[in-house]
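Enquirer: Sharing model-v8.cif (mmCIF, C-alpha atoms) below.
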```
data_my_file
#
loop_
_atom_site.label_atom_id
_atom_site.label_comp_id
_atom_site.auth_asym_id
_atom_site.auth_seq_id
_atom_site.Cartn_x
_atom_site.Cartn_y
_atom_site.Cartn_z
CA MET A 1 -13.77 -21.35 -6.00
CA ASP A 2 -16.17 -18.50 -6.64
CA TYR A 3 -14.23 -15.26 -6.71
CA ASN A 4 -17.34 -13.09 -6.95
CA THR A 5 -18.80 -13.89 -3.56
CA ARG A 6 -17.44 -12.41 -0.41
CA LYS A 7 -17.89 -15.46 1.78
CA SER A 8 -15.87 -17.70 -0.52
CA LEU A 9 -13.06 -15.17 -0.97
CA CYS A 10 -11.87 -15.32 2.64
CA THR A 11 -9.69 -12.28 1.97
CA PHE A 12 -7.19 -11.23 4.57
CA MET A 13 -8.83 -7.82 4.81
CA ASP A 14 -12.08 -9.33 6.02
CA GLU A 15 -10.37 -11.92 8.18
CA GLU A 16 -8.47 -9.17 10.00
CA ARG A 17 -11.69 -7.25 10.57
CA LYS A 18 -13.51 -10.24 12.05
CA ALA A 19 -10.69 -11.86 14.03
CA LYS A 20 -9.57 -10.01 17.15
CA GLN A 21 -6.83 -12.47 18.07
CA SER A 22 -3.41 -12.26 16.48
CA PRO A 23 -2.56 -15.03 14.01
CA PRO A 24 -0.03 -17.69 15.01
CA ARG A 25 3.50 -16.38 14.88
CA LEU A 26 6.42 -18.07 13.23
CA SER A 27 9.33 -19.25 15.28
CA PHE A 28 12.49 -17.91 13.71
CA LYS A 29 15.41 -19.97 14.94
CA SER A 30 17.56 -19.38 11.87
CA PHE A 31 16.77 -19.25 8.21
CA GLU A 32 18.49 -22.56 7.55
CA GLN A 33 16.07 -24.26 9.96
CA ILE A 34 12.97 -22.91 8.24
CA SER A 35 11.21 -25.34 5.95
CA ASP A 36 8.30 -24.90 3.57
CA ARG A 37 6.28 -27.20 5.82
CA ASP A 38 6.86 -24.89 8.80
CA LEU A 39 5.75 -21.85 6.80
CA ASN A 40 2.69 -23.66 5.42
CA TYR A 41 2.74 -21.91 2.04
CA SER A 42 2.42 -23.67 -1.27
CA HIS A 43 5.19 -21.81 -3.13
CA SER A 44 8.56 -23.40 -2.39
CA ARG A 45 11.71 -21.36 -2.85
CA SER A 46 15.43 -21.93 -2.65
CA SER A 47 17.06 -21.07 0.67
CA SER A 48 20.49 -20.55 -0.86
CA THR A 49 22.19 -17.33 0.21
CA ALA A 50 24.43 -14.93 -1.66
CA ALA A 51 28.09 -14.91 -0.74
CA GLY A 52 28.95 -12.15 1.64
CA MET A 53 25.36 -11.07 2.15
CA TYR A 54 25.88 -10.39 5.84
CA SER A 55 28.40 -7.71 4.96
CA LEU A 56 25.67 -5.72 3.21
CA MET A 57 23.85 -4.88 6.43
CA PRO A 58 25.18 -3.95 9.87
CA PRO A 59 24.28 -6.39 12.65
CA PRO A 60 21.03 -5.56 14.45
CA SER A 61 21.17 -4.01 17.89
CA PRO A 62 20.44 -6.26 20.91
CA ASP A 63 17.02 -4.60 21.33
CA SER A 64 16.10 -5.02 17.66
CA PRO A 65 13.10 -7.22 16.79
CA TRP A 66 14.68 -8.00 13.42
CA THR A 67 17.04 -10.68 12.16
CA LEU A 68 18.63 -10.87 8.74
CA SER A 69 17.26 -13.24 6.11
CA PRO A 70 18.84 -14.21 2.77
CA LEU A 71 18.56 -11.90 -0.19
CA GLN A 72 17.20 -12.87 -3.58
CA THR A 73 20.03 -12.05 -5.97
CA PRO A 74 19.14 -12.48 -9.64
CA SER A 75 21.45 -11.44 -12.46
CA PRO A 76 22.63 -7.79 -12.40
CA SER A 77 21.13 -7.35 -15.87
CA VAL A 78 17.53 -7.87 -14.72
CA LEU A 79 15.05 -5.16 -13.99
CA TYR A 80 14.93 -5.46 -10.20
CA HIS A 81 16.97 -6.59 -7.23
CA CYS A 82 16.09 -7.34 -3.60
CA ILE A 83 18.77 -5.53 -1.60
CA ALA A 84 17.45 -6.13 1.93
CA SER A 85 15.25 -8.75 3.53
CA LEU A 86 14.42 -8.81 7.23
CA HIS A 87 12.40 -11.20 9.35
CA ARG A 88 10.41 -9.73 12.21
CA HIS A 89 9.85 -11.39 15.59
CA GLU A 90 7.00 -9.17 16.75
CA GLY A 91 4.26 -10.10 14.31
CA ILE A 92 2.81 -8.89 11.03
CA ILE A 93 3.63 -5.49 9.52
CA TYR A 94 0.39 -3.69 8.68
CA SER A 95 1.67 -0.41 7.24
CA ILE A 96 4.66 1.31 5.59
CA ALA A 97 5.32 5.01 4.95
CA VAL A 98 8.29 6.89 3.46
CA SER A 99 9.29 10.53 4.01
CA ARG A 100 12.55 12.49 3.88
CA GLY A 101 14.84 9.50 3.73
CA ILE A 102 13.12 7.62 6.55
CA VAL A 103 10.98 4.47 6.21
CA TYR A 104 8.38 3.85 8.92
CA THR A 105 6.75 0.50 9.67
CA GLY A 106 3.83 -0.29 11.95
CA SER A 107 3.00 -3.77 13.17
CA GLU A 108 1.08 -5.93 15.62
CA SER A 109 3.27 -4.61 18.40
CA SER A 110 2.88 -1.01 19.51
CA ARG A 111 6.36 -0.20 18.20
CA ILE A 112 6.77 2.11 15.19
CA SER A 113 10.17 1.43 13.66
CA ALA A 114 12.21 3.93 11.65
CA TRP A 115 14.73 2.89 8.99
CA ARG A 116 17.21 4.90 6.95
CA GLN A 117 17.11 4.89 3.14
CA PRO A 118 18.36 3.13 1.17
CA ASP A 119 20.27 0.60 3.30
CA CYS A 120 17.48 -0.03 5.86
CA THR A 121 19.67 0.51 8.91
CA GLU A 122 17.71 1.22 12.07
CA ARG A 123 17.37 4.86 13.10
CA GLY A 124 15.16 4.29 16.11
CA TYR A 125 11.60 3.54 17.09
CA ILE A 126 8.53 4.98 18.77
CA LYS A 127 6.86 3.06 21.59
CA ALA A 128 3.22 4.16 21.57
CA ASN A 129 1.79 1.81 24.26
CA CYS A 130 -1.65 1.84 22.66
CA GLY A 131 -1.80 -1.38 20.68
CA GLU A 132 -1.13 -2.48 17.12
CA VAL A 133 -0.38 0.12 14.44
CA ARG A 134 -2.80 -0.40 11.56
CA ALA A 135 -2.04 2.62 9.35
CA ILE A 136 0.87 5.04 8.94
CA LEU A 137 1.06 8.27 6.93
CA ALA A 138 4.15 10.47 6.72
CA TYR A 139 4.42 13.99 5.30
CA GLY A 140 7.49 16.12 5.89
CA ASN A 141 8.31 16.00 9.59
CA MET A 142 4.78 14.90 10.48
CA LEU A 143 3.91 11.28 11.16
CA PHE A 144 0.32 10.07 11.65
CA THR A 145 -0.40 6.64 13.15
CA SER A 146 -3.63 4.80 13.92
CA HIS A 147 -3.85 2.33 16.77
CA LYS A 148 -5.92 -0.44 18.29
CA ASP A 149 -7.78 2.04 20.51
CA CYS A 150 -9.35 3.56 17.34
CA LYS A 151 -7.46 6.83 17.82
CA ILE A 152 -4.89 8.68 15.70
CA ARG A 153 -1.57 10.01 17.01
CA MET A 154 0.33 12.85 15.40
CA TRP A 155 4.12 12.98 15.88
CA ASN A 156 6.84 15.49 15.05
CA VAL A 157 9.91 13.61 13.86
CA THR A 158 13.51 14.82 13.85
CA ALA A 159 16.00 12.62 12.04
CA SER A 160 19.03 14.82 11.42
CA GLU A 161 21.59 13.38 13.85
CA ASN A 162 19.66 11.24 16.28
CA PHE A 163 16.14 10.02 15.61
CA ARG A 164 13.61 11.69 17.92
CA ALA A 165 9.82 11.72 17.85
CA LYS A 166 7.56 13.91 19.94
CA LYS A 167 3.83 13.30 20.18
CA ILE A 168 1.94 16.45 19.20
CA THR A 169 -1.63 15.38 19.79
CA THR A 170 -4.10 12.52 19.92
CA MET A 171 -7.24 12.67 17.79
CA PRO A 172 -9.77 12.88 19.26
CA ARG A 173 -8.42 14.53 22.36
CA ASN A 174 -10.17 13.56 25.59
CA SER A 175 -10.22 15.87 28.59
CA SER A 176 -11.69 13.15 30.79
CA ILE A 177 -12.81 9.59 30.25
CA PHE A 178 -16.07 10.43 32.06
CA LEU A 179 -16.82 13.32 29.72
CA PHE A 180 -16.37 11.32 26.53
CA ASN A 181 -19.56 10.57 24.65
CA TRP A 182 -19.53 7.90 21.95
CA SER A 183 -22.51 9.53 20.28
CA SER A 184 -20.54 12.72 19.70
CA GLY A 185 -19.11 11.21 16.50
CA GLN A 186 -15.59 12.37 17.29
CA GLN A 187 -14.06 8.88 17.49
CA HIS A 188 -14.21 5.93 15.17
CA ARG A 189 -16.06 2.94 16.61
CA ASP A 190 -13.80 0.36 14.97
CA CYS A 191 -10.29 -0.05 13.57
CA VAL A 192 -8.91 2.93 11.62
CA SER A 193 -7.72 1.10 8.51
CA CYS A 194 -6.44 3.90 6.25
CA MET A 195 -5.49 7.58 6.10
CA GLY A 196 -5.00 10.32 3.52
CA TYR A 197 -3.63 13.86 3.88
CA TYR A 198 -4.64 16.90 1.83
CA HIS A 199 -1.57 19.11 1.94
CA ALA A 200 -3.08 22.43 0.84
CA GLU A 201 -5.77 22.54 3.53
CA GLY A 202 -4.01 20.58 6.26
CA LEU A 203 -6.81 17.99 6.45
CA LEU A 204 -6.27 14.40 7.55
CA TYR A 205 -8.84 11.87 6.33
CA THR A 206 -9.32 8.58 8.15
CA GLY A 207 -11.32 5.55 7.03
CA SER A 208 -12.52 2.84 9.35
CA TRP A 209 -14.13 -0.59 9.54
CA ASP A 210 -17.10 1.25 11.07
CA LYS A 211 -17.93 2.31 7.45
CA THR A 212 -17.28 6.03 8.10
CA VAL A 213 -14.75 8.60 6.93
CA LYS A 214 -13.68 11.49 9.15
CA ALA A 215 -11.83 14.70 8.32
CA TRP A 216 -9.49 16.15 10.96
CA ARG A 217 -8.02 19.64 10.96
CA VAL A 218 -4.37 19.05 11.76
CA SER A 219 -3.76 22.57 13.16
CA ASP A 220 -5.97 21.95 16.21
CA GLY A 221 -6.76 18.22 16.01
CA LYS A 222 -10.52 18.72 15.66
CA CYS A 223 -12.85 16.52 13.65
CA VAL A 224 -14.48 18.89 11.14
CA ASP A 225 -16.62 16.32 9.31
CA SER A 226 -17.80 12.73 9.66
CA PHE A 227 -19.93 10.84 7.16
CA LEU A 228 -21.10 7.31 6.43
CA ALA A 229 -19.11 6.51 3.30
CA HIS A 230 -19.91 2.88 2.48
CA GLU A 231 -22.11 -0.07 3.34
CA ASP A 232 -19.11 -2.05 4.59
CA SER A 233 -15.61 -1.41 5.95
CA VAL A 234 -13.53 1.36 4.35
CA ASN A 235 -10.23 -0.17 3.19
CA ALA A 236 -8.29 2.64 1.48
CA ILE A 237 -8.26 6.42 0.96
CA VAL A 238 -6.32 8.50 -1.57
CA ILE A 239 -6.40 12.27 -2.10
CA ASN A 240 -5.95 14.14 -5.36
CA GLN A 241 -3.65 16.98 -4.32
CA GLU A 242 -4.61 18.96 -7.44
CA ASP A 243 -8.27 19.53 -6.48
CA GLY A 244 -8.76 17.95 -3.05
CA CYS A 245 -11.00 15.10 -4.27
CA VAL A 246 -11.22 12.19 -1.83
CA PHE A 247 -11.35 8.61 -3.16
CA THR A 248 -12.50 5.77 -0.91
CA CYS A 249 -12.96 2.04 -1.47
CA SER A 250 -14.73 -0.60 0.53
CA SER A 251 -15.52 -4.27 1.00
CA ASP A 252 -18.95 -3.44 -0.42
CA GLY A 253 -17.30 -3.53 -3.86
CA SER A 254 -17.48 0.19 -4.65
CA VAL A 255 -15.11 3.12 -5.14
CA LYS A 256 -16.53 6.54 -4.29
CA ILE A 257 -15.42 10.09 -5.06
CA TRP A 258 -16.12 12.88 -2.56
CA ARG A 259 -15.72 16.65 -2.73
CA ARG A 260 -15.79 19.29 -0.04
CA VAL A 261 -18.76 21.62 -0.24
CA TYR A 262 -17.52 25.08 -1.26
CA ASP A 263 -16.52 27.21 1.74
CA GLN A 264 -17.66 24.48 4.16
CA SER A 265 -16.22 21.49 5.96
CA SER A 266 -18.86 18.98 4.84
CA HIS A 267 -18.39 16.58 1.93
CA THR A 268 -20.70 15.43 -0.82
CA LEU A 269 -20.65 12.29 -2.96
CA THR A 270 -19.98 13.13 -6.63
CA MET A 271 -19.54 9.70 -8.24
CA THR A 272 -19.69 5.98 -7.46
CA LEU A 273 -17.49 3.59 -9.43
CA LYS A 274 -18.68 0.01 -9.21
CA PHE A 275 -17.61 -2.22 -12.06
CA GLN A 276 -17.89 -5.60 -10.31
CA PRO A 277 -19.12 -6.83 -6.91
CA SER A 278 -15.82 -8.05 -5.51
CA PRO A 279 -14.49 -6.28 -2.36
CA VAL A 280 -12.04 -3.47 -3.15
CA ASN A 281 -8.95 -3.53 -0.93
CA ALA A 282 -6.56 -0.90 -2.33
CA LEU A 283 -6.42 2.36 -4.29
CA ALA A 284 -3.70 4.31 -6.09
CA LEU A 285 -3.78 7.58 -8.01
CA SER A 286 -1.42 8.41 -10.87
CA THR A 287 -1.45 12.09 -11.87
CA SER A 288 0.54 14.18 -14.32
CA HIS A 289 0.09 17.45 -16.19
CA SER A 290 -1.75 15.61 -18.98
CA SER A 291 -3.61 12.74 -17.30
CA CYS A 292 -5.13 11.36 -14.11
CA PHE A 293 -5.66 7.62 -13.60
CA LEU A 294 -7.31 5.89 -10.65
CA TYR A 295 -6.46 2.24 -9.90
CA SER A 296 -8.34 -0.14 -7.60
CA GLY A 297 -7.27 -3.61 -6.49
CA SER A 298 -9.99 -6.10 -5.63
CA SER A 299 -10.37 -9.55 -4.12
CA ASP A 300 -10.93 -11.25 -7.47
CA GLY A 301 -7.30 -10.47 -8.44
CA PHE A 302 -8.11 -7.72 -10.95
CA ILE A 303 -6.86 -4.14 -10.98
CA ASN A 304 -9.49 -1.86 -12.52
CA PHE A 305 -8.53 1.60 -13.73
CA TRP A 306 -10.38 4.77 -14.64
CA GLU A 307 -9.24 7.90 -16.48
CA LYS A 308 -10.40 11.39 -15.58
CA GLU A 309 -12.01 13.43 -18.36
CA LYS A 310 -10.37 16.82 -18.72
CA MET A 311 -13.58 18.73 -19.43
CA SER A 312 -16.19 17.10 -17.18
CA SER A 313 -13.86 15.70 -14.46
CA ARG A 314 -15.74 12.39 -14.68
CA PHE A 315 -13.87 9.11 -14.43
CA ASN A 316 -14.38 6.63 -17.28
CA HIS A 317 -13.55 2.97 -16.90
CA GLY A 318 -10.60 2.11 -19.11
CA GLY A 319 -10.16 -1.60 -18.43
CA PHE A 320 -8.44 -3.87 -15.96
CA LEU A 321 -5.03 -5.45 -15.40
CA GLN A 322 -5.09 -9.21 -15.18
CA GLY A 323 -2.27 -11.31 -13.78
CA HIS A 324 -2.64 -11.88 -10.04
CA ARG A 325 -4.14 -15.22 -9.12
CA PHE A 326 -5.67 -14.09 -5.83
CA ALA A 327 -6.78 -10.89 -4.08
CA VAL A 328 -4.89 -7.64 -4.66
CA LEU A 329 -4.16 -6.25 -1.19
CA SER A 330 -1.93 -3.21 -1.89
CA LEU A 331 -1.26 -0.70 -4.68
CA VAL A 332 1.24 2.10 -5.27
CA ALA A 333 1.45 4.39 -8.32
CA ILE A 334 4.54 6.47 -9.04
CA GLU A 335 5.36 8.12 -12.37
CA LYS A 336 3.97 5.72 -15.02
CA LEU A 337 4.56 2.62 -12.89
CA ILE A 338 2.02 0.75 -10.78
CA PHE A 339 3.15 -1.70 -8.10
CA SER A 340 0.62 -4.28 -6.92
CA GLY A 341 0.93 -6.69 -3.99
CA SER A 342 -1.27 -9.75 -3.81
CA GLU A 343 -2.50 -12.62 -1.70
CA ASP A 344 -0.69 -14.86 -4.22
CA THR A 345 2.61 -13.73 -2.56
CA THR A 346 3.84 -11.78 -5.59
CA ILE A 347 4.44 -8.13 -6.46
CA ARG A 348 3.81 -7.08 -10.05
CA ILE A 349 5.25 -4.02 -11.76
CA TRP A 350 3.08 -2.48 -14.48
CA ARG A 351 3.90 0.37 -16.87
CA ARG A 352 1.29 2.51 -18.62
CA GLU A 353 1.98 3.52 -22.18
CA GLU A 354 1.95 7.29 -22.68
CA GLY A 355 -1.31 8.54 -24.21
CA SER A 356 -2.89 5.08 -24.11
CA TYR A 357 -4.82 2.69 -21.90
CA TYR A 358 -2.34 -0.08 -22.65
CA HIS A 359 -0.37 -1.44 -19.69
CA GLU A 360 2.47 -3.94 -19.77
CA CYS A 361 3.68 -6.14 -16.94
CA LEU A 362 7.40 -5.47 -16.58
CA ALA A 363 8.26 -7.89 -13.78
CA VAL A 364 6.91 -10.28 -11.19
CA LEU A 365 8.71 -10.07 -7.84
CA ASP A 366 8.28 -13.48 -6.29
CA ALA A 367 10.13 -13.62 -2.99
CA HIS A 368 7.58 -13.38 -0.17
CA ARG A 369 6.26 -16.56 1.45
CA GLY A 370 2.93 -15.03 2.37
CA PRO A 371 0.38 -12.49 1.05
CA VAL A 372 1.88 -9.05 0.40
CA ARG A 373 0.00 -6.88 2.88
CA CYS A 374 1.46 -3.43 2.19
CA LEU A 375 3.71 -1.54 -0.24
CA ALA A 376 5.49 1.81 -0.44
CA ALA A 377 7.62 3.26 -3.23
CA CYS A 378 9.73 6.35 -3.93
CA LEU A 379 12.21 7.65 -6.46
CA GLU A 380 15.87 6.86 -5.93
CA VAL A 381 17.89 10.01 -6.55
CA ASP A 382 21.66 10.33 -6.84
CA LYS A 383 23.24 13.77 -7.35
CA LEU A 384 19.88 15.29 -8.32
CA MET A 385 19.33 12.61 -10.95
CA VAL A 386 16.62 9.94 -10.80
CA ILE A 387 18.34 6.57 -11.15
CA GLY A 388 15.44 4.25 -10.33
CA PHE A 389 12.84 3.33 -7.74
CA LEU A 390 12.97 1.97 -4.20
CA VAL A 391 10.08 -0.34 -3.31
CA TYR A 392 9.29 -1.54 0.21
CA SER A 393 7.07 -4.54 0.81
CA ALA A 394 5.77 -6.44 3.83
CA GLY A 395 3.93 -9.75 3.86
CA LEU A 396 2.02 -11.91 6.27
CA ASP A 397 5.17 -14.06 6.42
CA GLN A 398 6.48 -11.41 8.86
CA THR A 399 9.10 -10.33 6.32
CA PHE A 400 10.03 -6.78 5.29
CA LYS A 401 11.86 -6.36 1.98
CA LEU A 402 13.53 -3.55 0.04
CA TRP A 403 13.74 -3.69 -3.76
CA ARG A 404 15.74 -1.57 -6.18
CA VAL A 405 13.93 -1.25 -9.52
CA LYS A 406 15.36 0.21 -12.71
CA VAL A 407 13.18 0.46 -15.78
CA LEU A 408 15.11 0.10 -19.01
CA PRO A 409 13.63 1.98 -21.98
CA ASP A 410 14.22 -0.88 -24.41
CA GLU A 411 12.40 -3.47 -22.27
CA LYS A 412 9.10 -4.27 -24.00
CA ASN A 413 6.49 -6.79 -22.94
CA VAL A 414 9.00 -8.77 -20.91
CA CYS A 415 8.58 -10.05 -17.36
CA MET A 416 11.28 -11.70 -15.33
CA GLU A 417 11.03 -14.14 -12.48
CA GLY A 418 13.55 -13.65 -9.69
CA THR A 419 13.15 -16.44 -7.18
CA GLY A 420 16.82 -17.00 -6.47
CA ARG A 421 16.80 -20.18 -8.54
CA SER A 422 17.13 -18.76 -12.04
CA ASP A 423 17.85 -15.43 -13.73
CA LYS A 424 16.31 -16.37 -17.08
CA MET A 425 13.64 -14.23 -18.67
CA ARG A 426 10.13 -15.57 -18.76
CA ILE A 427 8.37 -13.91 -21.68
CA THR A 428 5.23 -15.94 -22.10
CA GLU A 429 4.24 -16.98 -18.59
CA TYR A 430 3.82 -13.50 -17.13
CA GLU A 431 3.09 -11.46 -20.22
CA MET A 432 -0.25 -9.82 -19.44
CA SER A 433 -2.23 -6.93 -20.91
CA PRO A 434 -5.56 -5.45 -19.82
CA VAL A 435 -8.92 -6.35 -21.25
CA LEU A 436 -9.88 -2.98 -22.69
CA SER A 437 -13.36 -1.54 -22.43
CA PRO A 438 -15.48 -1.92 -25.61
CA SER A 439 -16.10 1.83 -25.86
CA TRP A 440 -12.38 2.60 -25.96
CA VAL A 441 -11.72 -0.11 -28.56
CA GLU A 442 -14.51 1.33 -30.73
CA LYS A 443 -13.00 4.82 -30.52
CA LYS A 444 -9.62 3.47 -31.56
CA ARG A 445 -11.17 1.69 -34.54
CA GLN A 446 -12.93 4.85 -35.68
CA GLY A 447 -9.73 6.82 -35.43
CA ASN A 448 -7.71 4.13 -37.24
CA PRO A 449 -9.77 2.72 -40.14
CA THR A 450 -6.97 0.41 -41.17
#
```
Rewrite the structure of this file - the entire thing - as structure tokens.
Expert:
Amino acid sequence: MDYNTRKSLCTFMDEERKAKQSPPRLSFKSFEQISDRDLNYSHSRSSSTAAGMYSLMPPPSPDSPWTLSPLQTPSPSVLYHCIASLHRHEGIIYSIAVSRGIVYTGSESSRISAWRQPDCTERGYIKANCGEVRAILAYGNMLFTSHKDCKIRMWNVTASENFRAKKITTMPRNSSIFLFNWSSGQQHRDCVSCMGYYHAEGLLYTGSWDKTVKAWRVSDGKCVDSFLAHEDSVNAIVINQEDGCVFTCSSDGSVKIWRRVYDQSSHTLTMTLKFQPSPVNALALSTSHSSCFLYSGSSDGFINFWEKEKMSSRFNHGGFLQGHRFAVLSLVAIEKLIFSGSEDTTIRIWRREEGSYYHECLAVLDAHRGPVRCLAACLEVDKLMVIGFLVYSAGLDQTFKLWRVKVLPDEKNVCMEGTGRSDKMRITEYEMSPVLSPSWVEKKRQGNPT
């Protein structure tokens, strides 16, 4: 199999763009009746359940599209634990967002579900009646959703006592269907696949399969800029909140950096990062007071990363993380951790060493039965103290999972496999480190003659 050609990759990102029909749905009678043959995935897993697992979650409401599925319960001494696992009846989950103790999921149905942290009990849902929800972005009380009609909805969410959501506006806003002009450039011509929000200026950026990126002023819902960003579909957008830089990636194999022209709404291309020709599906940005790292996940299974120079603001390629066997479809960076979801059905947790390009793979979460389509992560706080991380994942197996991750300071170069069958550590099988760039290795040698 040639991983460097787009036709042979058959990535799920490209398949979704080309196929307009929904994929076949699984019939969930009960988990005990599900077999590996029915799911048609090569990785077999134990279907044994933990004692008393149904007491961990309240029963779903009669109108709920969810049913409980068994939890993977490795030893309490391991690095991670799956604390909730839900099967969905209404198709694939395309997007996850977290804000103010609420987790939002968007799927093939037009329903946007809201879940409470950390126990994943249902708070409510939004029925948009405008097709599948491809992308979700949450910030404060604002929720942005993109739909099958190529438009973006903005909602005001209240979740104090009872969950309520009020639609603020639709972007673009049409006064009349007869007055709308496709050539006006106000609306995307294809699926809106990703979004990013610049907090300081109140700008929402949307990327689409029509190869363009648009900037929307949230205060009045107007499109203030639209530009052709790539030669193929735009798959992900991230914003550097420090300086407003916009990062985009595409199936054309490139990552691009854009800046707003001073005192204007237009944007200009400042740098193109293209290390290899494989389609780029996901981006993540890790920033701190001393460093800024950009990560990109591509269809060849690699995660490339770049570091920002402090003086010139250029991004230098630092290396790549190797471990996934198939395409990387989703990335999340939080603190010094990077979470990656892949077509190989696994989620990997990487940790960057302070002041270095070295990354270690801490764990491989192997519990999905299909490609991991989307991820979200946040800090878990108890009494104003950070006690770990909460990670949310959704796969093409129509399953939504919640993981609790705790990073132990004395864990070094160790990965653990938690499939429900064994809680033993696997040191050699999943121990991966990046292939460092030759320039960085040369610098290290000059600085350390020994």
Enquirer: Counting only C-alpha atoms, which residues of segment 101-206 of chain A sit at most 12 Å from some atom of segment 391-396 of chain A, and what is each one's closest atom pair with its distance in Å to one decimal, listed by chain and rising residue number, as a Markdown table?
Expert:
```
| residue | atom | partner | partner_atom | distance |
| --- | --- | --- | --- | --- |
| A:Ile102 | CA | A:Tyr392 | CA | 11.8 |
| A:Val103 | CA | A:Tyr392 | CA | 8.7 |
| A:Tyr104 | CA | A:Tyr392 | CA | 10.3 |
| A:Thr105 | CA | A:Ala394 | CA | 9.1 |
| A:Gly106 | CA | A:Ala394 | CA | 10.4 |
| A:Ser107 | CA | A:Ala394 | CA | 10.1 |
| A:Glu108 | CA | A:Leu396 | CA | 11.1 |
| A:Trp115 | CA | A:Tyr392 | CA | 11.2 |
| A:Gln117 | CA | A:Tyr392 | CA | 10.5 |
| A:Pro118 | CA | A:Val391 | CA | 10.0 |
| A:Asp119 | CA | A:Tyr392 | CA | 11.6 |
| A:Cys120 | CA | A:Tyr392 | CA | 10.1 |
```
Enquirer: If you keep C-alpha atoms, can you produce a file of those selected residues as an mmCIF file, keeping the file's coordinate frame?
Expert:
```cif
data_model
loop_
_atom_site.group_PDB
_atom_site.id
_atom_site.type_symbol
_atom_site.label_atom_id
_atom_site.label_comp_id
_atom_site.auth_asym_id
_atom_site.auth_seq_id
_atom_site.Cartn_x
_atom_site.Cartn_y
_atom_site.Cartn_z
ATOM 1 C CA ILE A 102 13.120 7.620 6.550
ATOM 2 C CA VAL A 103 10.980 4.470 6.210
ATOM 3 C CA TYR A 104 8.380 3.850 8.920
ATOM 4 C CA THR A 105 6.750 0.500 9.670
ATOM 5 C CA GLY A 106 3.830 -0.290 11.950
ATOM 6 C CA SER A 107 3.000 -3.770 13.170
ATOM 7 C CA GLU A 108 1.080 -5.930 15.620
ATOM 8 C CA TRP A 115 14.730 2.890 8.990
ATOM 9 C CA GLN A 117 17.110 4.890 3.140
ATOM 10 C CA PRO A 118 18.360 3.130 1.170
ATOM 11 C CA ASP A 119 20.270 0.600 3.300
ATOM 12 C CA CYS A 120 17.480 -0.030 5.860
#
```
Enquirer: Using only C-alpha atoms, which of the listed residues (A:Gly301, A:Gly244, A:Gly91, A:Gly318) sits closest to Arg348 of chain A?
Expert: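 Residue with the minimum atom-to-atom distance to Arg348 of chain A: A:Gly301.
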Enquirer: Enumerate, as a list of chain:residue names, the residues matched when the PyMOL selection byres ((chain A and resi 209-222) around 7) is run on the file above.
Expert: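 Answer for the PyMOL selection byres ((chain A and resi 209-222) around 7): A:Thr169, A:Met171, A:Pro172, A:His188, A:Arg189, A:Asp190, A:Cys191, A:Val192, A:Ser193, A:Gly202, A:Leu203, A:Leu204, A:Tyr205, A:Thr206, A:Gly207, A:Ser208, A:Cys223, A:Val224, A:Asp225, A:Ser226, A:Phe227, A:Leu228, A:Ala229, A:His230, A:Glu231, A:Asp232, A:Ser233, A:Val234.
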Enquirer: Keeping only C-alpha atoms, write those residues as an mmCIF file, in the frame of the given file.
Expert:
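Saved the output as result-v1.cif:
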```
data_model
loop_
_atom_site.group_PDB
_atom_site.id
_atom_site.type_symbol
_atom_site.label_atom_id
_atom_site.label_comp_id
_atom_site.auth_asym_id
_atom_site.auth_seq_id
_atom_site.Cartn_x
_atom_site.Cartn_y
_atom_site.Cartn_z
ATOM 1 C CA THR A 169 -1.630 15.380 19.790
ATOM 2 C CA MET A 171 -7.240 12.670 17.790
ATOM 3 C CA PRO A 172 -9.770 12.880 19.260
ATOM 4 C CA HIS A 188 -14.210 5.930 15.170
ATOM 5 C CA ARG A 189 -16.060 2.940 16.610
ATOM 6 C CA ASP A 190 -13.800 0.360 14.970
ATOM 7 C CA CYS A 191 -10.290 -0.050 13.570
ATOM 8 C CA VAL A 192 -8.910 2.930 11.620
ATOM 9 C CA SER A 193 -7.720 1.100 8.510
ATOM 10 C CA GLY A 202 -4.010 20.580 6.260
ATOM 11 C CA LEU A 203 -6.810 17.990 6.450
ATOM 12 C CA LEU A 204 -6.270 14.400 7.550
ATOM 13 C CA TYR A 205 -8.840 11.870 6.330
ATOM 14 C CA THR A 206 -9.320 8.580 8.150
ATOM 15 C CA GLY A 207 -11.320 5.550 7.030
ATOM 16 C CA SER A 208 -12.520 2.840 9.350
ATOM 17 C CA CYS A 223 -12.850 16.520 13.650
ATOM 18 C CA VAL A 224 -14.480 18.890 11.140
ATOM 19 C CA ASP A 225 -16.620 16.320 9.310
ATOM 20 C CA SER A 226 -17.800 12.730 9.660
ATOM 21 C CA PHE A 227 -19.930 10.840 7.160
ATOM 22 C CA LEU A 228 -21.100 7.310 6.430
ATOM 23 C CA ALA A 229 -19.110 6.510 3.300
ATOM 24 C CA HIS A 230 -19.910 2.880 2.480
ATOM 25 C CA GLU A 231 -22.110 -0.070 3.340
ATOM 26 C CA ASP A 232 -19.110 -2.050 4.590
ATOM 27 C CA SER A 233 -15.610 -1.410 5.950
ATOM 28 C CA VAL A 234 -13.530 1.360 4.350
#
```
Enquirer: Nearest residue to Asn304 of chain A out of A:Ser266, A:Arg259, A:Pro371, A:Gly253, using only C-alpha atoms?
Expert: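 The answer is A:Gly253, which sits nearest to Asn304 of chain A.
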Enquirer: Pick the closest to Leu379 of chain A from A:Val238, A:Ile334, A:Leu294, A:Val246: which is it, counting only C-alpha atoms?
Expert: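 Closest residue, counting only C-alpha atoms: A:Ile334.
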